[in-house]
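What follows is the content of entry-v7.txt (compact mmCIF, C-alpha atoms (C1' of nucleotides)).
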# COMPACT_ATOMS: atom_id res chain seq x y z
CA MET I 1165 0.00 0.00 0.00
CA GLY I 1166 1.47 3.30 -1.14
CA GLN I 1167 1.09 6.78 0.28
CA LYS I 1168 -1.99 7.58 -1.73
CA ALA I 1169 -3.86 4.54 -0.48
CA GLN I 1170 -2.79 5.38 3.03
CA ALA I 1171 -4.27 8.84 2.70
CA ILE I 1172 -7.50 7.55 1.18
CA ARG I 1173 -7.71 4.98 3.89
CA GLN I 1174 -7.52 7.68 6.52
CA ARG I 1175 -10.23 9.68 4.79
CA ILE I 1176 -12.43 6.61 4.60
CA VAL I 1177 -11.99 5.88 8.28
CA ALA I 1178 -12.67 9.50 9.20
CA ALA I 1179 -15.85 9.55 7.12
CA ALA I 1180 -16.97 6.20 8.52
CA ASP I 1181 -16.23 7.41 12.03
CA GLN I 1182 -18.53 10.36 11.61
CA LEU I 1183 -21.27 8.43 9.80
CA PHE I 1184 -21.26 5.57 12.29
CA TYR I 1185 -21.77 8.15 15.00
CA GLN I 1186 -24.52 10.03 13.24
CA ARG I 1187 -26.45 7.20 11.60
CA GLY I 1188 -25.22 4.09 13.36
CA TYR I 1189 -23.04 1.30 12.04
CA GLU I 1190 -25.61 -0.90 10.33
CA HIS I 1191 -27.58 2.00 8.93
CA THR I 1192 -24.45 3.32 7.21
CA SER I 1193 -23.78 1.65 3.87
CA PHE I 1194 -20.67 1.33 1.75
CA SER I 1195 -22.28 3.78 -0.65
CA ASP I 1196 -22.75 6.35 2.10
CA ILE I 1197 -19.09 6.25 3.02
CA ALA I 1198 -17.91 6.15 -0.59
CA ASP I 1199 -20.08 9.17 -1.40
CA ALA I 1200 -18.75 11.06 1.61
CA VAL I 1201 -15.16 10.36 0.60
CA GLY I 1202 -15.83 10.93 -3.09
CA ILE I 1203 -14.69 7.57 -4.43
CA SER I 1204 -16.64 4.95 -6.32
CA ARG I 1205 -18.31 2.18 -4.41
CA GLY I 1206 -16.52 -0.51 -6.33
CA ASN I 1207 -13.16 0.96 -5.52
CA PHE I 1208 -13.95 0.55 -1.87
CA TYR I 1209 -12.98 -3.08 -2.03
CA TYR I 1210 -9.40 -2.15 -2.73
CA HIS I 1211 -9.12 -0.37 0.60
CA PHE I 1212 -11.41 -2.43 2.81
CA LYS I 1213 -12.48 -5.98 2.10
CA THR I 1214 -15.40 -6.06 4.52
CA LYS I 1215 -17.54 -3.72 6.53
CA ASP I 1216 -16.22 -5.23 9.73
CA GLU I 1217 -12.75 -4.20 8.67
CA ILE I 1218 -13.87 -0.58 8.54
CA LEU I 1219 -15.51 -0.90 11.91
CA ASN I 1220 -12.28 -2.28 13.29
CA ALA I 1221 -10.31 0.62 11.88
CA VAL I 1222 -12.79 3.14 13.28
CA ILE I 1223 -12.61 1.62 16.73
CA ASP I 1224 -8.82 1.59 16.57
CA ILE I 1225 -8.51 5.27 15.78
CA ARG I 1226 -11.10 6.12 18.38
CA VAL I 1227 -9.21 4.24 21.05
CA ASP I 1228 -6.07 5.98 19.90
CA GLN I 1229 -7.66 9.42 19.98
CA ILE I 1230 -9.05 8.84 23.46
CA GLN I 1231 -5.72 7.60 24.72
CA ARG I 1232 -3.90 10.59 23.27
CA MET I 1233 -6.42 13.01 24.73
CA LEU I 1234 -6.04 11.48 28.19
CA ASP I 1235 -2.26 11.41 27.90
CA ALA I 1236 -2.29 15.09 26.98
CA TRP I 1237 -4.41 15.91 30.01
CA THR I 1238 -2.09 13.92 32.23
CA TYR I 1239 0.83 15.86 30.82
CA GLU I 1240 -0.74 19.30 30.97
CA TYR I 1241 -2.38 19.13 34.38
CA SER I 1242 -0.99 17.71 37.57
CA ASP I 1243 -4.09 18.02 39.75
CA PRO I 1244 -6.24 14.86 39.50
CA GLN I 1245 -9.38 16.78 40.34
CA GLN I 1246 -8.68 19.19 37.53
CA ARG I 1247 -8.18 16.25 35.18
CA ILE I 1248 -11.47 14.65 36.16
CA LEU I 1249 -13.21 17.97 35.64
CA LEU I 1250 -11.86 18.00 32.10
CA PHE I 1251 -13.37 14.59 31.62
CA ILE I 1252 -16.74 15.77 32.88
CA ASP I 1253 -16.52 18.79 30.60
CA ILE I 1254 -16.54 16.50 27.57
CA LEU I 1255 -20.28 16.44 28.08
CA THR I 1256 -20.65 20.20 28.07
CA ASN I 1257 -18.29 20.68 25.16
CA ASN I 1258 -20.24 18.25 23.01
CA GLN I 1259 -23.77 18.95 24.12
CA GLU I 1260 -25.12 19.69 20.64
CA SER I 1261 -23.89 16.46 19.11
CA ILE I 1262 -24.86 14.47 22.20
CA LYS I 1263 -28.34 15.88 21.93
CA SER I 1264 -28.54 14.75 18.30
CA HIS I 1265 -26.59 11.49 18.34
CA GLY I 1266 -25.84 10.51 21.91
CA CYS I 1267 -22.44 9.32 23.06
CA PRO I 1268 -20.33 7.99 20.17
CA ILE I 1269 -18.89 5.29 22.38
CA GLY I 1270 -21.93 4.22 24.34
CA SER I 1271 -24.26 4.18 21.36
CA LEU I 1272 -21.83 2.08 19.33
CA CYS I 1273 -21.52 -0.45 22.15
CA THR I 1274 -25.29 -0.53 22.45
CA GLU I 1275 -25.67 -1.19 18.74
CA LEU I 1276 -23.01 -3.88 18.59
CA ALA I 1277 -24.59 -5.65 21.53
CA LYS I 1278 -27.89 -5.75 19.63
CA LEU I 1279 -26.17 -7.15 16.56
CA SER I 1280 -24.46 -9.80 18.70
CA HIS I 1281 -21.33 -8.51 17.01
CA GLU I 1282 -18.10 -10.00 18.33
CA MET I 1283 -16.43 -6.63 17.95
CA LEU I 1284 -18.26 -5.38 21.02
CA GLN I 1285 -15.21 -6.71 22.84
CA GLU I 1286 -13.01 -4.29 20.95
CA ALA I 1287 -15.49 -1.46 21.21
CA ASN I 1288 -15.67 -1.49 24.96
CA VAL I 1289 -11.92 -0.96 25.06
CA MET I 1290 -12.84 2.67 24.40
CA LEU I 1291 -14.63 2.65 27.72
CA ALA I 1292 -11.93 0.61 29.42
CA VAL I 1293 -9.27 3.14 28.50
CA MET I 1294 -11.26 5.91 30.15
CA ARG I 1295 -12.06 3.72 33.12
CA ASP I 1296 -8.41 2.99 33.73
CA TRP I 1297 -7.36 6.60 33.38
CA LEU I 1298 -10.12 7.73 35.73
CA THR I 1299 -9.10 5.00 38.16
CA ASP I 1300 -5.61 6.46 38.25
CA GLN I 1301 -7.00 9.90 39.00
CA PHE I 1302 -9.26 8.71 41.81
CA ARG I 1303 -6.45 6.68 43.27
CA ALA I 1304 -4.26 9.76 43.25
CA LEU I 1305 -7.02 11.45 45.24
CA GLY I 1306 -6.63 8.85 47.94
CA MET I 1307 -9.55 6.61 47.11
CA GLY I 1308 -7.39 3.51 47.04
CA ALA I 1309 -9.28 0.28 46.52
CA ASP I 1310 -12.51 2.16 45.75
CA ALA I 1311 -10.94 4.07 42.89
CA ARG I 1312 -11.93 1.63 40.17
CA LYS I 1313 -15.53 1.39 41.31
CA ILE I 1314 -15.78 5.15 41.51
CA ALA I 1315 -14.34 5.42 38.01
CA MET I 1316 -16.94 2.98 36.71
CA HIS I 1317 -19.61 4.94 38.50
CA LEU I 1318 -18.58 8.15 36.79
CA LEU I 1319 -18.46 6.38 33.46
CA ALA I 1320 -22.00 5.14 33.95
CA ARG I 1321 -23.19 8.58 34.99
CA THR I 1322 -21.88 10.12 31.78
CA GLN I 1323 -23.47 7.36 29.71
CA GLY I 1324 -26.81 7.90 31.41
CA ILE I 1325 -26.66 11.63 30.87
CA ALA I 1326 -25.87 11.14 27.19
CA THR I 1327 -28.69 8.64 26.70
CA ILE I 1328 -31.33 10.82 28.35
CA THR I 1329 -30.09 14.02 26.68
CA ASN I 1330 -30.35 12.23 23.36
CA ALA I 1331 -33.73 10.61 24.03
CA PHE I 1332 -35.36 13.85 25.17
CA GLU I 1333 -33.23 16.03 22.90
CA ASP I 1334 -32.69 18.21 25.93
CA GLN I 1335 -29.38 19.99 26.38
CA GLN I 1336 -30.73 21.76 29.44
CA PHE I 1337 -30.83 18.42 31.22
CA LEU I 1338 -27.22 17.78 30.31
CA ARG I 1339 -26.07 21.04 31.86
CA GLN I 1340 -28.04 20.46 35.01
CA GLU I 1341 -26.57 16.99 35.41
CA VAL I 1342 -23.03 18.24 34.80
CA LYS I 1343 -23.51 20.59 37.75
CA ARG I 1344 -24.64 17.65 39.85
CA LEU I 1345 -21.61 15.70 38.71
CA ARG I 1346 -19.24 18.50 39.73
CA GLN I 1347 -20.90 18.68 43.11
CA TRP I 1348 -20.63 14.93 43.52
CA LEU I 1349 -16.92 15.11 42.74
CA ASP I 1350 -16.38 17.80 45.39
CA GLU I 1351 -18.22 15.79 48.01
CA MET I 1352 -16.36 12.64 47.05
CA ILE I 1353 -13.00 14.33 47.41
CA ALA I 1354 -13.98 15.91 50.70
CA GLN I 1355 -15.14 12.57 52.00
CA TYR I 1356 -11.85 10.85 51.22
CA ALA I 1357 -9.76 13.78 52.41
CA ASN I 1358 -10.19 12.67 56.03
CA MET W 730 -61.17 -6.77 12.11
CA GLY W 731 -62.55 -9.87 13.79
CA GLN W 732 -61.49 -11.64 16.95
CA LYS W 733 -58.95 -13.86 15.28
CA ALA W 734 -57.13 -10.95 13.70
CA GLN W 735 -57.13 -9.20 17.05
CA ALA W 736 -55.46 -12.17 18.65
CA ILE W 737 -52.89 -12.55 15.90
CA ARG W 738 -52.19 -8.86 16.10
CA GLN W 739 -51.39 -9.18 19.76
CA ARG W 740 -49.07 -12.10 19.11
CA ILE W 741 -47.30 -10.13 16.39
CA VAL W 742 -46.79 -7.16 18.66
CA ALA W 743 -45.54 -9.38 21.47
CA ALA W 744 -43.04 -11.07 19.17
CA ALA W 745 -41.92 -7.77 17.69
CA ASP W 746 -41.55 -6.33 21.17
CA GLN W 747 -39.16 -9.08 22.15
CA LEU W 748 -37.22 -9.07 18.88
CA PHE W 749 -36.85 -5.28 18.82
CA TYR W 750 -35.37 -5.55 22.28
CA GLN W 751 -33.02 -8.40 21.48
CA ARG W 752 -31.91 -7.49 17.96
CA GLY W 753 -32.91 -3.87 17.55
CA TYR W 754 -35.64 -2.39 15.42
CA GLU W 755 -33.88 -2.09 12.08
CA HIS W 756 -32.07 -5.39 12.41
CA THR W 757 -35.40 -7.18 12.89
CA SER W 758 -37.13 -8.01 9.61
CA PHE W 759 -40.70 -8.83 8.72
CA SER W 760 -39.56 -12.39 8.18
CA ASP W 761 -38.10 -12.61 11.66
CA ILE W 762 -41.37 -11.56 13.24
CA ALA W 763 -43.47 -13.69 10.92
CA ASP W 764 -41.33 -16.72 11.72
CA ALA W 765 -41.60 -16.06 15.44
CA VAL W 766 -45.39 -15.83 15.24
CA GLY W 767 -45.69 -18.73 12.79
CA ILE W 768 -47.48 -16.96 9.98
CA SER W 769 -46.39 -16.37 6.41
CA ARG W 770 -44.52 -13.21 5.55
CA GLY W 771 -47.00 -12.23 2.89
CA ASN W 772 -49.87 -12.47 5.32
CA PHE W 773 -48.19 -9.87 7.45
CA TYR W 774 -49.52 -7.12 5.25
CA TYR W 775 -53.04 -7.94 6.29
CA HIS W 776 -52.24 -7.08 9.90
CA PHE W 777 -49.64 -4.34 9.53
CA LYS W 778 -49.18 -2.20 6.45
CA THR W 779 -45.73 -0.88 7.33
CA LYS W 780 -42.91 -1.57 9.70
CA ASP W 781 -43.43 1.77 11.37
CA GLU W 782 -46.94 0.67 12.22
CA ILE W 783 -45.55 -2.28 14.17
CA LEU W 784 -43.09 -0.03 15.93
CA ASN W 785 -45.93 2.23 16.89
CA ALA W 786 -47.93 -0.67 18.28
CA VAL W 787 -44.93 -1.94 20.24
CA ILE W 788 -44.32 1.46 21.78
CA ASP W 789 -47.99 1.75 22.66
CA ILE W 790 -48.14 -1.51 24.55
CA ARG W 791 -44.85 -0.76 26.26
CA VAL W 792 -46.15 2.58 27.47
CA ASP W 793 -49.28 0.83 28.61
CA GLN W 794 -47.41 -1.89 30.45
CA ILE W 795 -45.19 0.63 32.20
CA GLN W 796 -48.16 2.72 33.21
CA ARG W 797 -50.01 -0.31 34.57
CA MET W 798 -46.95 -1.46 36.50
CA LEU W 799 -46.53 1.94 38.10
CA ASP W 800 -50.23 2.20 38.87
CA ALA W 801 -50.09 -1.19 40.55
CA TRP W 802 -47.17 -0.09 42.69
CA THR W 803 -48.98 3.08 43.63
CA TYR W 804 -51.97 1.00 44.62
CA GLU W 805 -50.08 -1.68 46.54
CA TYR W 806 -47.61 0.47 48.42
CA SER W 807 -48.20 3.73 50.18
CA ASP W 808 -44.62 4.59 51.10
CA PRO W 809 -42.94 6.61 48.34
CA GLN W 810 -39.52 5.36 49.33
CA GLN W 811 -40.72 1.78 49.03
CA ARG W 812 -42.12 2.58 45.60
CA ILE W 813 -38.87 4.10 44.40
CA LEU W 814 -37.01 1.06 45.68
CA LEU W 815 -39.25 -1.10 43.53
CA PHE W 816 -38.28 1.05 40.57
CA ILE W 817 -34.60 0.61 41.34
CA ASP W 818 -35.10 -3.12 41.70
CA ILE W 819 -36.13 -3.32 38.05
CA LEU W 820 -32.42 -3.34 37.36
CA THR W 821 -31.68 -6.23 39.68
CA ASN W 822 -34.68 -8.22 38.53
CA ASN W 823 -33.65 -7.96 34.90
CA GLN W 824 -29.89 -8.14 35.20
CA GLU W 825 -29.47 -11.06 32.81
CA SER W 826 -31.38 -9.46 29.97
CA ILE W 827 -29.82 -6.06 30.65
CA LYS W 828 -26.41 -7.67 30.42
CA SER W 829 -27.32 -9.15 27.03
CA HIS W 830 -29.50 -6.46 25.50
CA GLY W 831 -29.36 -3.34 27.64
CA CYS W 832 -32.42 -1.36 28.62
CA PRO W 833 -35.35 -1.99 26.26
CA ILE W 834 -36.42 1.63 26.51
CA GLY W 835 -33.08 3.40 26.40
CA SER W 836 -31.66 1.29 23.62
CA LEU W 837 -34.75 1.82 21.47
CA CYS W 838 -34.54 5.58 21.94
CA THR W 839 -30.85 5.47 21.09
CA GLU W 840 -31.55 3.53 17.90
CA LEU W 841 -34.42 5.76 16.80
CA ALA W 842 -32.28 8.83 17.33
CA LYS W 843 -29.65 7.35 15.01
CA LEU W 844 -32.26 6.62 12.38
CA SER W 845 -33.58 10.17 12.68
CA HIS W 846 -36.90 8.45 13.13
CA GLU W 847 -39.79 10.74 13.99
CA MET W 848 -41.16 8.11 16.33
CA LEU W 849 -38.45 8.94 18.85
CA GLN W 850 -41.00 11.43 20.11
CA GLU W 851 -43.39 8.60 20.90
CA ALA W 852 -40.66 6.36 22.25
CA ASN W 853 -39.48 8.77 24.87
CA VAL W 854 -42.99 8.82 26.30
CA MET W 855 -41.94 5.53 27.91
CA LEU W 856 -39.31 7.50 29.80
CA ALA W 857 -41.64 10.41 30.43
CA VAL W 858 -44.20 8.17 32.12
CA MET W 859 -41.57 6.91 34.53
CA ARG W 860 -40.20 10.39 35.05
CA ASP W 861 -43.62 11.72 36.01
CA TRP W 862 -44.35 8.86 38.35
CA LEU W 863 -40.97 9.24 40.02
CA THR W 864 -41.54 12.96 40.30
CA ASP W 865 -44.73 12.26 42.22
CA GLN W 866 -42.85 10.00 44.60
CA PHE W 867 -40.05 12.46 45.25
CA ARG W 868 -42.54 15.23 45.74
CA ALA W 869 -44.33 13.09 48.30
CA LEU W 870 -40.98 12.80 50.07
CA GLY W 871 -40.89 16.57 50.45
CA MET W 872 -38.54 17.42 47.62
CA GLY W 873 -40.93 19.96 46.18
CA ALA W 874 -39.60 21.87 43.21
CA ASP W 875 -36.52 19.64 43.00
CA ALA W 876 -38.61 16.50 42.59
CA ARG W 877 -38.64 16.51 38.82
CA LYS W 878 -34.91 17.08 38.50
CA ILE W 879 -34.23 14.31 40.97
CA ALA W 880 -36.53 12.01 39.05
CA MET W 881 -34.64 12.78 35.84
CA HIS W 882 -31.40 12.16 37.67
CA LEU W 883 -32.54 8.73 38.77
CA LEU W 884 -33.72 7.95 35.28
CA ALA W 885 -30.32 8.84 33.86
CA ARG W 886 -28.56 6.79 36.50
CA THR W 887 -30.53 3.69 35.53
CA GLN W 888 -29.83 4.29 31.86
CA GLY W 889 -26.13 4.64 32.51
CA ILE W 890 -26.04 1.47 34.57
CA ALA W 891 -27.84 -0.44 31.82
CA THR W 892 -25.51 0.87 29.10
CA ILE W 893 -22.33 0.00 30.97
CA THR W 894 -23.63 -3.37 32.17
CA ASN W 895 -24.46 -4.18 28.56
CA ALA W 896 -21.22 -2.86 27.08
CA PHE W 897 -19.02 -4.76 29.54
CA GLU W 898 -21.45 -7.66 29.89
CA ASP W 899 -20.92 -7.31 33.61
CA GLN W 900 -23.79 -8.03 35.98
CA GLN W 901 -21.50 -7.55 38.95
CA PHE W 902 -21.27 -3.89 38.05
CA LEU W 903 -25.04 -3.61 37.95
CA ARG W 904 -25.39 -5.01 41.46
CA GLN W 905 -22.71 -2.74 42.83
CA GLU W 906 -24.36 0.31 41.30
CA VAL W 907 -27.78 -0.67 42.61
CA LYS W 908 -26.31 -0.62 46.11
CA ARG W 909 -24.94 2.84 45.43
CA LEU W 910 -28.35 3.91 44.17
CA ARG W 911 -30.07 2.68 47.33
CA GLN W 912 -27.55 4.53 49.44
CA TRP W 913 -28.08 7.68 47.39
CA LEU W 914 -31.83 7.42 47.96
CA ASP W 915 -31.36 7.12 51.70
CA GLU W 916 -29.09 10.14 51.82
CA MET W 917 -31.45 12.10 49.62
CA ILE W 918 -34.39 11.39 51.86
CA ALA W 919 -32.42 12.19 54.97
CA GLN W 920 -31.29 15.45 53.46
CA TYR W 921 -34.82 16.60 52.67
CA ALA W 922 -36.21 15.32 55.96
CA ASN W 923 -34.97 18.45 57.72
C1' DA V 94 10.16 6.03 -22.06
C1' DC V 95 8.74 1.81 -20.10
C1' DA V 96 7.57 -2.11 -17.02
C1' DG V 97 5.44 -3.16 -12.92
C1' DA V 98 2.90 -1.75 -9.18
C1' DA V 99 -0.75 1.08 -7.19
C1' DC V 100 -5.12 2.66 -7.74
C1' DT V 101 -9.80 3.42 -9.77
C1' DA V 102 -14.50 3.09 -12.04
C1' DG V 103 -18.20 0.51 -13.32
C1' DG V 104 -20.84 -3.00 -12.97
C1' DA V 105 -22.12 -8.07 -11.84
C1' DC V 106 -23.92 -11.05 -8.33
C1' DA V 107 -26.87 -13.32 -4.99
C1' DA V 108 -29.27 -12.40 -0.93
C1' DA V 109 -32.36 -9.80 1.82
C1' DT V 110 -35.47 -6.10 2.44
C1' DG V 111 -40.19 -3.65 2.77
C1' DT V 112 -44.16 -3.50 0.18
C1' DC V 113 -47.95 -5.16 -2.35
C1' DC V 114 -51.16 -8.27 -5.19
C1' DT V 115 -53.95 -12.23 -5.93
C1' DA V 116 -56.10 -16.39 -5.54
C1' DA V 117 -57.50 -19.59 -2.26
C1' DT V 118 -59.41 -20.96 2.24
C1' DA V 119 -61.94 -20.14 6.84
C1' DT V 120 -65.30 -18.02 9.30
C1' DT V 121 -69.31 -15.50 10.20
C1' DT V 122 -73.90 -13.97 9.13
C1' DG V 123 -78.47 -13.79 6.94
C1' DC M 278 -77.23 -23.77 3.07
C1' DA M 279 -75.47 -19.62 0.75
C1' DA M 280 -73.52 -15.17 0.51
C1' DA M 281 -70.50 -12.04 2.44
C1' DT M 282 -66.64 -11.18 4.99
C1' DA M 283 -62.25 -12.28 7.31
C1' DT M 284 -57.96 -14.43 7.04
C1' DT M 285 -54.27 -16.84 4.87
C1' DA M 286 -50.25 -18.48 1.85
C1' DG M 287 -47.35 -17.75 -1.76
C1' DG M 288 -45.04 -15.18 -4.52
C1' DA M 289 -44.04 -10.79 -7.42
C1' DC M 290 -41.74 -6.40 -7.33
C1' DA M 291 -38.19 -2.91 -7.21
C1' DT M 292 -34.57 -1.49 -4.28
C1' DT M 293 -30.64 -1.88 -1.50
C1' DT M 294 -27.21 -4.42 0.58
C1' DG M 295 -22.23 -6.39 1.05
C1' DT M 296 -19.11 -8.54 -1.76
C1' DC M 297 -16.33 -9.34 -5.67
C1' DC M 298 -14.34 -9.18 -10.58
C1' DT M 299 -12.26 -7.06 -14.42
C1' DA M 300 -10.61 -3.86 -17.43
C1' DG M 301 -8.72 0.32 -17.50
C1' DT M 302 -5.89 4.39 -15.70
C1' DT M 303 -2.31 6.62 -12.98
C1' DC M 304 1.83 6.58 -10.58
C1' DT M 305 6.82 5.19 -9.50
C1' DG M 306 11.37 3.77 -10.15
C1' DT M 307 14.78 2.85 -13.50
Just give me the structure of the file as structure tokens.
Amino acid sequence: MGQKAQAIRQRIVAAADQLFYQRGYEHTSFSDIADAVGISRGNFYYHFKTKDEILNAVIDIRVDQIQRMLDAWTYEYSDPQQRILLFIDILTNNQESIKSHGCPIGSLCTELAKLSHEMLQEANVMLAVMRDWLTDQFRALGMGADARKIAMHLLARTQGIATITNAFEDQQFLRQEVKRLRQWLDEMIAQYAN
Amino acid sequence: MGQKAQAIRQRIVAAADQLFYQRGYEHTSFSDIADAVGISRGNFYYHFKTKDEILNAVIDIRVDQIQRMLDAWTYEYSDPQQRILLFIDILTNNQESIKSHGCPIGSLCTELAKLSHEMLQEANVMLAVMRDWLTDQFRALGMGADARKIAMHLLARTQGIATITNAFEDQQFLRQEVKRLRQWLDEMIAQYAN
DNA sequence: ACAGAACTAGGACAAATGTCCTAATATTTG
DNA sequence: CAAATATTAGGACATTTGTCCTAGTTCTGT
């Protein structure tokens, strides 16, 4: 595979990434992606043999993007609380798209579970990466053995907020829950500070 | 429409209800439902003209079932806290299916949002019915103007738990979060008891 | 300039989909 | 019993799907 194919491949994955988020995996066809990229449908086969292969590539770059984002936060901020607040702010920063399409990660996992698709195992790595990073932060805040459970709790809270915001198409709810989440974090930290 | 058609119609809706939950709406075909009911695919048209019509019927009976369940709880128990605990216990009582297929309500709303399906508006009535009932309970516990927001919060918590339980296929997580939810309810009530 | 590799367009293919028609069979009603 | 109505099975229909092939074009290194 030469440079050109590499570039096309990236454009395909980027287009698929967006379309899978907006329309769902199954509801996005080869034609949709080919149209978005501007290549013929037949030519698709040269770059990706199967639809699953595209899904795999999309999940891979998503995991990579998440990991890089978290690494950057770890590098730029030293205060764990500050870092967790950045995580919570993902919701606020993406409230429009969450309202329209939910959480890109959670909704993909939900769909793959319905399809009994084996790649759910790869998809939930996206969540696992965040869980582990959050666990580190909570541990640094002195929550020791509870850190992982608290991280999972926060993960679930964000998923719930995204689902309800999406179902009711209500950004106002998202903002109100983010406030609650911030308050919860404060209380949690205070509680473990003793 | 005679009695026989009425009965078949109910069986179709029941089968569609289950299949939509297990496989998702779009991923369930006319054939799937027809096979499950034991009628020919062509005959389907006599009972339902379009797929949307089946979806509508499924949502209707789900709303009805939810409403009847909540009414029964209101009738059988007088303590609002007890009633809310019954709501929370939905999670525990359905942990196997939630692990495999998520929340039937939340996952349907998520799918319909992806399909840009107008019937999302009807689907989220399922959530709205629970929200309103929960609001009544929290109000009865003295939470006044906050009752509705607290009800929405609980709704989101359950959705998040279902999504994560499903994504990680982890019932253990569900149980641990239910405990947290019970504890939260206790604290909430204590807080407003003053 | 030229050979080989990289890349592309267009369409073929079977399978599945939602929708719809029709002719036949049950069931109800007068 | 007979006529009208309700219900059914089977298949037609066009469309879309993922997959795959082939013949052509563009690029790259020599």
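Here CA of Gln1167 in chain I stands at a distance of 9.6 Å from C1' of DA99 in chain V.
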Rows by chain and residue number, chain W within 9 Å of chain V, shortest pair, only C-alpha atoms (C1' of nucleotides), as CSV:
residue,atom,partner,partner_atom,distance
W:Ser758,CA,V:DT110,C1',7.6
W:Phe759,CA,V:DG111,C1',7.9
W:Gly771,CA,V:DC113,C1',8.9
W:Tyr774,CA,V:DC113,C1',8.0
W:Lys778,CA,V:DT112,C1',8.1
W:Thr779,CA,V:DG111,C1',7.7
W:Lys780,CA,V:DG111,C1',7.7
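In this structure, CA of Leu1250 in chain I sits 15.0 Å away from CA of Arg1321 in chain I.
A straight line drawn from C1' of DG306 in chain M to CA of Gly1166 in chain I is 13.4 Å long.
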- [ ] Pull out every residue of chain M that has at least one atom within 9 Å of chain W, counting only C-alpha atoms (C1' of nucleotides), and report them as number ranges by chain.
- [x] M: 283-288
- [ ] Write down, as a list in words, each residue of chain W that has any atom within 6 Å of an atom of chain I, counting all atoms listed in the file.
- [x]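 The complete set of qualifying residues is Arg752, Gly753, Cys838, Lys843, Leu844, Ala885, Arg886, Gln888, Gly889, Ile890, Ile893 and Ala896 of chain W.
Take the candidates I:Gln1347, I:Gln1182, I:Gln1301, I:Gln1259 and check each one against Trp1237 in chain I using only C-alpha atoms; the shortest distance goes to I:Gln1301.
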TODO: Tell me, as an MDAnalysis selection string, which residues lie within 7 Å of Ala1200 in chain I, counting only C-alpha atoms (C1' of nucleotides); anything in the same chain fewer than 3 positions away does not count.
DONE: chainID I and resid 1179 1196:1197
Selected residues written out, C-alpha atoms, as a compact mmCIF listing (two decimals), in the coordinates of the input:
# COMPACT_ATOMS: atom_id res chain seq x y z
CA ALA I 1179 -15.85 9.55 7.12
CA ASP I 1196 -22.75 6.35 2.10
CA ILE I 1197 -19.09 6.25 3.02
Could you add the missing atoms to range 907-916 of chain W, up to N, CA, C and O atoms, and return them as an mmCIF file, in the frame of the given file?
data_model
loop_
_atom_site.group_PDB
_atom_site.id
_atom_site.type_symbol
_atom_site.label_atom_id
_atom_site.label_comp_id
_atom_site.auth_asym_id
_atom_site.auth_seq_id
_atom_site.Cartn_x
_atom_site.Cartn_y
_atom_site.Cartn_z
ATOM 1 N N VAL W 907 -26.461 -0.694 41.959
ATOM 2 C CA VAL W 907 -27.780 -0.670 42.610
ATOM 3 C C VAL W 907 -27.607 -0.348 44.095
ATOM 4 O O VAL W 907 -28.379 0.432 44.668
ATOM 5 N N LYS W 908 -26.595 -0.942 44.702
ATOM 6 C CA LYS W 908 -26.310 -0.620 46.110
ATOM 7 C C LYS W 908 -26.073 0.875 46.285
ATOM 8 O O LYS W 908 -26.596 1.525 47.192
ATOM 9 N N ARG W 909 -25.262 1.425 45.373
ATOM 10 C CA ARG W 909 -24.940 2.840 45.430
ATOM 11 C C ARG W 909 -26.212 3.694 45.278
ATOM 12 O O ARG W 909 -26.369 4.734 45.911
ATOM 13 N N LEU W 910 -27.104 3.199 44.428
ATOM 14 C CA LEU W 910 -28.350 3.910 44.170
ATOM 15 C C LEU W 910 -29.230 3.909 45.415
ATOM 16 O O LEU W 910 -29.837 4.935 45.777
ATOM 17 N N ARG W 911 -29.280 2.775 46.092
ATOM 18 C CA ARG W 911 -30.070 2.680 47.330
ATOM 19 C C ARG W 911 -29.524 3.639 48.380
ATOM 20 O O ARG W 911 -30.283 4.317 49.072
ATOM 21 N N GLN W 912 -28.204 3.648 48.470
ATOM 22 C CA GLN W 912 -27.550 4.530 49.440
ATOM 23 C C GLN W 912 -27.848 5.995 49.116
ATOM 24 O O GLN W 912 -28.157 6.799 49.999
ATOM 25 N N TRP W 913 -27.782 6.314 47.848
ATOM 26 C CA TRP W 913 -28.080 7.680 47.390
ATOM 27 C C TRP W 913 -29.497 8.073 47.791
ATOM 28 O O TRP W 913 -29.735 9.178 48.273
ATOM 29 N N LEU W 914 -30.434 7.139 47.617
ATOM 30 C CA LEU W 914 -31.830 7.420 47.960
ATOM 31 C C LEU W 914 -31.974 7.711 49.454
ATOM 32 O O LEU W 914 -32.639 8.679 49.847
ATOM 33 N N ASP W 915 -31.309 6.900 50.257
ATOM 34 C CA ASP W 915 -31.360 7.120 51.700
ATOM 35 C C ASP W 915 -30.848 8.507 52.066
ATOM 36 O O ASP W 915 -31.490 9.251 52.810
ATOM 37 N N GLU W 916 -29.694 8.844 51.510
ATOM 38 C CA GLU W 916 -29.090 10.140 51.820
ATOM 39 C C GLU W 916 -29.992 11.281 51.368
ATOM 40 O O GLU W 916 -30.133 12.299 52.050
#
